[in-house]
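Participant: Next comes the structure file entry.cif, holding mmCIF, C-alpha atoms and all ligand atoms.
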data_work
#
loop_
_atom_site.label_atom_id
_atom_site.label_comp_id
_atom_site.auth_asym_id
_atom_site.auth_seq_id
_atom_site.Cartn_x
_atom_site.Cartn_y
_atom_site.Cartn_z
CA MET A 1 26.82 -19.73 -37.38
CA ARG A 2 28.26 -16.28 -38.14
CA ARG A 3 31.32 -15.27 -36.18
CA ILE A 4 31.48 -11.77 -34.68
CA ALA A 5 34.66 -9.97 -33.60
CA ILE A 6 34.37 -6.97 -31.30
CA LEU A 7 37.05 -4.27 -31.20
CA ALA A 8 37.05 -2.24 -27.99
CA SER A 9 39.54 0.08 -26.31
CA GLY A 10 37.96 0.53 -22.90
CA SER A 11 35.47 -0.82 -20.43
CA GLY A 12 33.65 -3.10 -22.84
CA SER A 13 30.17 -2.85 -21.37
CA ASN A 14 28.74 -2.88 -24.89
CA ALA A 15 30.87 -5.90 -25.77
CA GLU A 16 29.48 -7.74 -22.78
CA ASN A 17 25.92 -6.70 -23.57
CA ILE A 18 26.30 -7.87 -27.18
CA ASN A 19 27.72 -11.20 -26.03
CA THR A 20 24.82 -11.67 -23.64
CA TRP A 21 22.36 -10.99 -26.45
CA PHE A 22 23.93 -13.59 -28.73
CA SER A 23 24.46 -16.30 -26.13
CA GLY A 24 22.05 -18.99 -27.20
CA SER A 25 21.60 -17.48 -30.68
CA LYS A 26 21.65 -19.83 -33.64
CA LEU A 27 22.51 -16.96 -35.98
CA ALA A 28 25.80 -15.64 -34.61
CA LYS A 29 28.19 -15.63 -31.70
CA VAL A 30 30.90 -13.37 -30.37
CA SER A 31 34.05 -15.36 -31.20
CA LEU A 32 36.81 -12.84 -30.64
CA ILE A 33 37.54 -9.63 -28.76
CA LEU A 34 40.39 -7.44 -29.95
CA THR A 35 41.81 -4.43 -28.19
CA ASP A 36 44.59 -1.91 -28.72
CA ASN A 37 44.75 -1.25 -24.98
CA PRO A 38 46.52 -3.86 -22.81
CA HIS A 39 44.90 -2.32 -19.70
CA ALA A 40 41.35 -2.26 -21.04
CA PHE A 41 38.72 -3.67 -18.70
CA VAL A 42 37.21 -5.43 -21.72
CA LEU A 43 40.02 -8.00 -21.34
CA GLU A 44 38.74 -8.96 -17.88
CA ARG A 45 35.23 -9.19 -19.23
CA ALA A 46 36.42 -11.40 -22.11
CA GLN A 47 38.12 -13.74 -19.70
CA ARG A 48 35.02 -13.92 -17.54
CA MET A 49 32.83 -14.59 -20.58
CA GLY A 50 35.23 -17.22 -21.92
CA ILE A 51 35.86 -15.37 -25.19
CA GLU A 52 39.26 -15.37 -26.85
CA ALA A 53 40.84 -11.91 -26.54
CA LEU A 54 43.92 -10.52 -28.23
CA VAL A 55 45.85 -7.28 -27.76
CA PHE A 56 47.46 -5.61 -30.75
CA THR A 57 49.64 -2.54 -31.25
CA PRO A 58 48.76 0.41 -33.50
CA ALA A 59 51.56 -0.77 -35.83
CA GLU A 60 49.96 -4.21 -36.07
CA LEU A 61 46.64 -2.61 -36.93
CA ARG A 62 48.26 -0.56 -39.69
CA SER A 63 50.41 -3.38 -41.07
CA GLY A 64 47.52 -5.75 -41.71
CA ILE A 65 48.13 -8.20 -38.87
CA VAL A 66 44.73 -7.46 -37.38
CA LEU A 67 43.03 -8.06 -40.74
CA ALA A 68 44.97 -11.31 -41.16
CA THR A 69 43.86 -12.37 -37.68
CA LEU A 70 40.20 -11.65 -38.44
CA GLN A 71 40.44 -13.63 -41.67
CA SER A 72 42.33 -16.56 -40.17
CA LYS A 73 39.70 -16.80 -37.42
CA LYS A 74 36.97 -16.73 -40.08
CA ILE A 75 35.28 -13.61 -38.70
CA ASP A 76 32.15 -12.69 -40.69
CA PHE A 77 31.20 -9.43 -39.00
CA VAL A 78 33.21 -6.80 -37.12
CA VAL A 79 31.71 -4.63 -34.41
CA LEU A 80 33.45 -1.56 -33.02
CA ALA A 81 32.32 -0.80 -29.49
CA GLY A 82 34.26 2.03 -27.93
CA PHE A 83 37.23 1.45 -30.25
CA LEU A 84 39.35 4.57 -30.64
CA LYS A 85 41.77 3.93 -33.50
CA LEU A 86 41.12 4.64 -37.17
CA ILE A 87 40.43 1.46 -39.16
CA PRO A 88 42.93 1.04 -42.03
CA VAL A 89 41.65 1.10 -45.60
CA ALA A 90 42.56 -2.56 -46.29
CA LEU A 91 40.42 -3.71 -43.36
CA VAL A 92 37.53 -1.45 -44.38
CA GLU A 93 37.67 -2.87 -47.91
CA ALA A 94 37.92 -6.47 -46.80
CA TYR A 95 34.91 -6.07 -44.49
CA ARG A 96 32.91 -3.46 -46.42
CA GLY A 97 29.29 -3.71 -45.35
CA LYS A 98 30.35 -6.03 -42.55
CA ILE A 99 31.93 -3.58 -40.11
CA ILE A 100 29.96 -1.17 -37.97
CA ASN A 101 30.55 1.35 -35.21
CA ILE A 102 28.41 2.97 -32.56
CA HIS A 103 28.88 6.65 -31.81
CA PRO A 104 27.43 8.15 -28.61
CA ALA A 105 25.78 11.17 -30.28
CA LEU A 106 23.62 12.07 -33.23
CA LEU A 107 26.05 12.18 -36.15
CA PRO A 108 27.00 14.17 -38.14
CA LYS A 109 27.06 16.39 -35.07
CA PHE A 110 29.71 15.76 -32.41
CA GLY A 111 31.77 13.27 -34.41
CA GLY A 112 35.24 13.03 -35.88
CA LYS A 113 38.75 12.56 -34.57
CA GLY A 114 39.07 13.16 -30.85
CA MET A 115 35.32 13.04 -30.26
CA TYR A 116 34.85 10.01 -28.08
CA GLY A 117 33.54 9.02 -24.68
CA ASP A 118 32.88 11.76 -22.18
CA ARG A 119 34.25 14.45 -24.51
CA VAL A 120 31.21 13.91 -26.71
CA HIS A 121 28.73 14.30 -23.86
CA LYS A 122 30.52 17.39 -22.56
CA ALA A 123 30.41 18.95 -26.03
CA VAL A 124 26.68 18.19 -26.29
CA VAL A 125 25.98 19.84 -22.91
CA ASP A 126 28.25 22.80 -23.63
CA ALA A 127 26.46 23.39 -26.94
CA GLY A 128 23.11 23.57 -25.13
CA GLU A 129 21.64 20.72 -27.18
CA THR A 130 18.14 19.59 -26.24
CA GLU A 131 18.68 16.07 -27.50
CA SER A 132 21.43 13.52 -28.01
CA GLY A 133 21.47 9.83 -28.76
CA ILE A 134 23.28 7.08 -30.61
CA THR A 135 24.34 6.55 -34.19
CA ILE A 136 25.11 3.12 -35.57
CA HIS A 137 26.95 3.37 -38.88
CA TYR A 138 29.03 1.38 -41.31
CA VAL A 139 32.73 2.05 -40.98
CA ASN A 140 34.65 3.67 -43.80
CA GLU A 141 38.09 5.25 -44.05
CA HIS A 142 37.15 8.32 -42.01
CA TYR A 143 36.17 8.71 -38.37
CA ASP A 144 32.40 8.60 -37.89
CA GLU A 145 31.52 9.11 -41.56
CA GLY A 146 30.18 5.81 -42.87
CA HIS A 147 26.59 5.28 -43.97
CA ILE A 148 24.19 5.62 -41.04
CA VAL A 149 22.16 2.50 -40.29
CA PHE A 150 20.23 3.55 -37.20
CA GLN A 151 19.80 6.45 -34.78
CA ALA A 152 17.90 6.74 -31.52
CA LYS A 153 17.39 9.90 -29.48
CA CYS A 154 17.16 10.93 -25.86
CA THR A 155 16.34 14.31 -24.39
CA VAL A 156 18.97 16.54 -22.81
CA SER A 157 17.62 18.85 -20.12
CA ILE A 158 19.09 22.22 -19.28
CA ASP A 159 20.43 20.91 -15.95
CA ASP A 160 21.78 17.59 -17.27
CA THR A 161 25.49 16.97 -16.63
CA PRO A 162 27.66 15.12 -19.15
CA GLU A 163 27.49 12.09 -16.83
CA MET A 164 23.68 12.14 -16.93
CA VAL A 165 23.70 12.33 -20.72
CA ALA A 166 26.21 9.46 -20.82
CA GLN A 167 23.83 7.32 -18.77
CA LYS A 168 20.92 7.96 -21.10
CA VAL A 169 23.07 7.27 -24.15
CA HIS A 170 24.42 4.03 -22.66
CA ALA A 171 20.86 2.87 -22.05
CA LEU A 172 20.11 3.45 -25.75
CA GLU A 173 23.29 1.61 -26.75
CA TYR A 174 22.39 -1.43 -24.67
CA ALA A 175 18.82 -1.43 -25.95
CA HIS A 176 19.60 -1.13 -29.65
CA TYR A 177 23.14 -2.15 -30.64
CA PRO A 178 22.75 -5.96 -30.31
CA ARG A 179 19.41 -5.90 -32.09
CA VAL A 180 20.77 -3.85 -35.01
CA ILE A 181 23.81 -6.14 -35.27
CA GLU A 182 21.49 -9.14 -35.41
CA GLU A 183 19.43 -7.55 -38.16
CA LEU A 184 22.50 -6.69 -40.27
CA ILE A 185 23.92 -10.20 -39.87
CA SER A 186 20.57 -11.71 -40.85
CA ASN A 187 20.67 -9.63 -44.01
CA LEU A 188 24.13 -11.00 -44.90
CA ASP A 189 22.44 -14.33 -45.55
CA THR A 190 20.20 -12.81 -48.18
CA GLN A 191 22.96 -10.93 -50.03
C1 LIG A 201 30.23 3.90 -25.76
O1 LIG A 201 29.54 5.02 -25.31
C2 LIG A 201 30.37 3.94 -27.25
O2 LIG A 201 29.29 4.49 -27.91
C3 LIG A 201 31.55 4.82 -27.40
O3 LIG A 201 32.41 4.44 -26.37
C4 LIG A 201 31.65 3.93 -25.28
C5 LIG A 201 32.18 2.57 -24.95
O4 LIG A 201 31.69 2.09 -23.74
N1 LIG A 201 32.05 4.79 -28.73
P1 LIG A 201 31.98 0.58 -23.33
O5 LIG A 201 33.49 0.32 -23.48
O6 LIG A 201 31.19 -0.30 -24.26
O7 LIG A 201 31.55 0.44 -21.92
#
Represent the structure contained in this file as structure tokens.
Ligand code: GRF
Facilitator:
Amino acid sequence: MRRIAILASGSGSNAENINTWFSGSKLAKVSLILTDNPHAFVLERAQRMGIEALVFTPAELRSGIVLATLQSKKIDFVVLAGFLKLIPVALVEAYRGKIINIHPALLPKFGGKGMYGDRVHKAVVDAGETESGITIHYVNEHYDEGHIVFQAKCTVSIDDTPEMVAQKVHALEYAHYPRVIEELISNLDTQ
């Protein structure tokens, strides 16, 4: 059984959706939720789902304590779901090919530092884009730049608000992220 850790900074609706997908799976389970935000709603979700959750500081992320925690808890695969901090190089190297992120737009557009959450959807609308979507990518040392694994698109109409785009993008996240995670973890077995 592969052990998944999810890093989230906010609401955690993706974390919950991923956990629901893997409940009953023989392949993998969500074993740990980590957050840098002591007020994140994901902590309430973790408690409700009965998943161990830990809060860490930015300094602990940088100093290697988070990596040590992942290793001591025998985590095989790391999933970022609405996690806002940059992942340190040591963690990227230790989990290369085993750490992924989801970005709520079609990278390489609308990515990079400071492009998260509703800011992304507002930028998409302001730019007059006719489509947006999700990008699932491996994590490297830079924000939103790792190898792209999967993208899915939705249309953006001229009268769509950022909130409406967010809803469409969330629907794509829920539909695809758990399935892509499952596929990547299955492939670990054949490596
Ligand atoms: C998602 O849109 C994700 O793509 C982005 O942050 C949002 C997190 O939402 N990176 P939630 O915390 O999973 O509800």
Participant: Step by step, measure atom-to-atom distances between ligand LIG 201 (chain A) and each residue using all atoms listed in the file, keep those at most 10 Å, then write them as a ChimeraX atom specification.
Facilitator: /A:7-18,40-42,80-84,101-105,115-118,120-121,133-136,144,166-167,169-174,177
Participant: Do you know which residues are at most 12 Å from Ala59 of chain A counting all atoms listed in the file, after dropping those on the same chain fewer than 2 positions away, and could you put them as a PyMOL selection string?
Facilitator: chain A and resi 36+55-57+61-66+85-88
Participant: Work out how far atom CA of Ile4 of chain A is from atom CA of Gln47 of chain A, in Å to one decimal.
Facilitator: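 Computed distance, atom CA of Gln47 of chain A to atom CA of Ile4 of chain A, equals 16.5 Å.
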Participant: Could you check which of A:Trp21, A:Leu107, A:Pro38, A:Gly50 is closest to Ile148 of chain A, using only C-alpha atoms?
Facilitator: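 Among the listed residues, A:Leu107 lies closest to Ile148 of chain A.
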Participant: Need to verify the contact set: segment 68-71 of chain A, 10 Å, all atoms listed in the file, exclusion of same-chain residues closer than 2 positions in sequence. Can you return it as JSON, numbers by chain?
Facilitator: {"A": [3, 4, 5, 32, 34, 54, 61, 63, 64, 65, 66, 73, 74, 75, 76, 77, 78, 91, 94, 95]}
Participant: My list of candidates is A:Val139, A:Ala123, A:Ile185, A:Ala53. Which is closest to Glu163 of chain A when distances are computed with only C-alpha atoms?
Facilitator: A:Ala123
Participant: Do you know which residues are at most 9 Å from Val165 of chain A counting only C-alpha atoms, after dropping those on the same chain fewer than 4 positions away, and could you put them as a CSV table (one decimal) with C-alpha atoms, in the frame of the given file?
Facilitator:
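Generated output (selection_20.csv):
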chain,number,residue,atom,x,y,z
A,121,HIS,CA,28.7,14.3,-23.9
A,122,LYS,CA,30.5,17.4,-22.6
A,124,VAL,CA,26.7,18.2,-26.3
A,125,VAL,CA,26.0,19.8,-22.9
A,132,SER,CA,21.4,13.5,-28.0
A,133,GLY,CA,21.5,9.8,-28.8
A,154,CYS,CA,17.2,10.9,-25.9
A,155,THR,CA,16.3,14.3,-24.4
A,156,VAL,CA,19.0,16.5,-22.8
A,157,SER,CA,17.6,18.8,-20.1
A,160,ASP,CA,21.8,17.6,-17.3
A,161,THR,CA,25.5,17.0,-16.6
A,169,VAL,CA,23.1,7.3,-24.2
A,170,HIS,CA,24.4,4.0,-22.7
Participant: Take atom CA of Asn140 of chain A and atom CA of Val89 of chain A and report the distance between them in Å, one decimal.
Facilitator: 7.7 Å
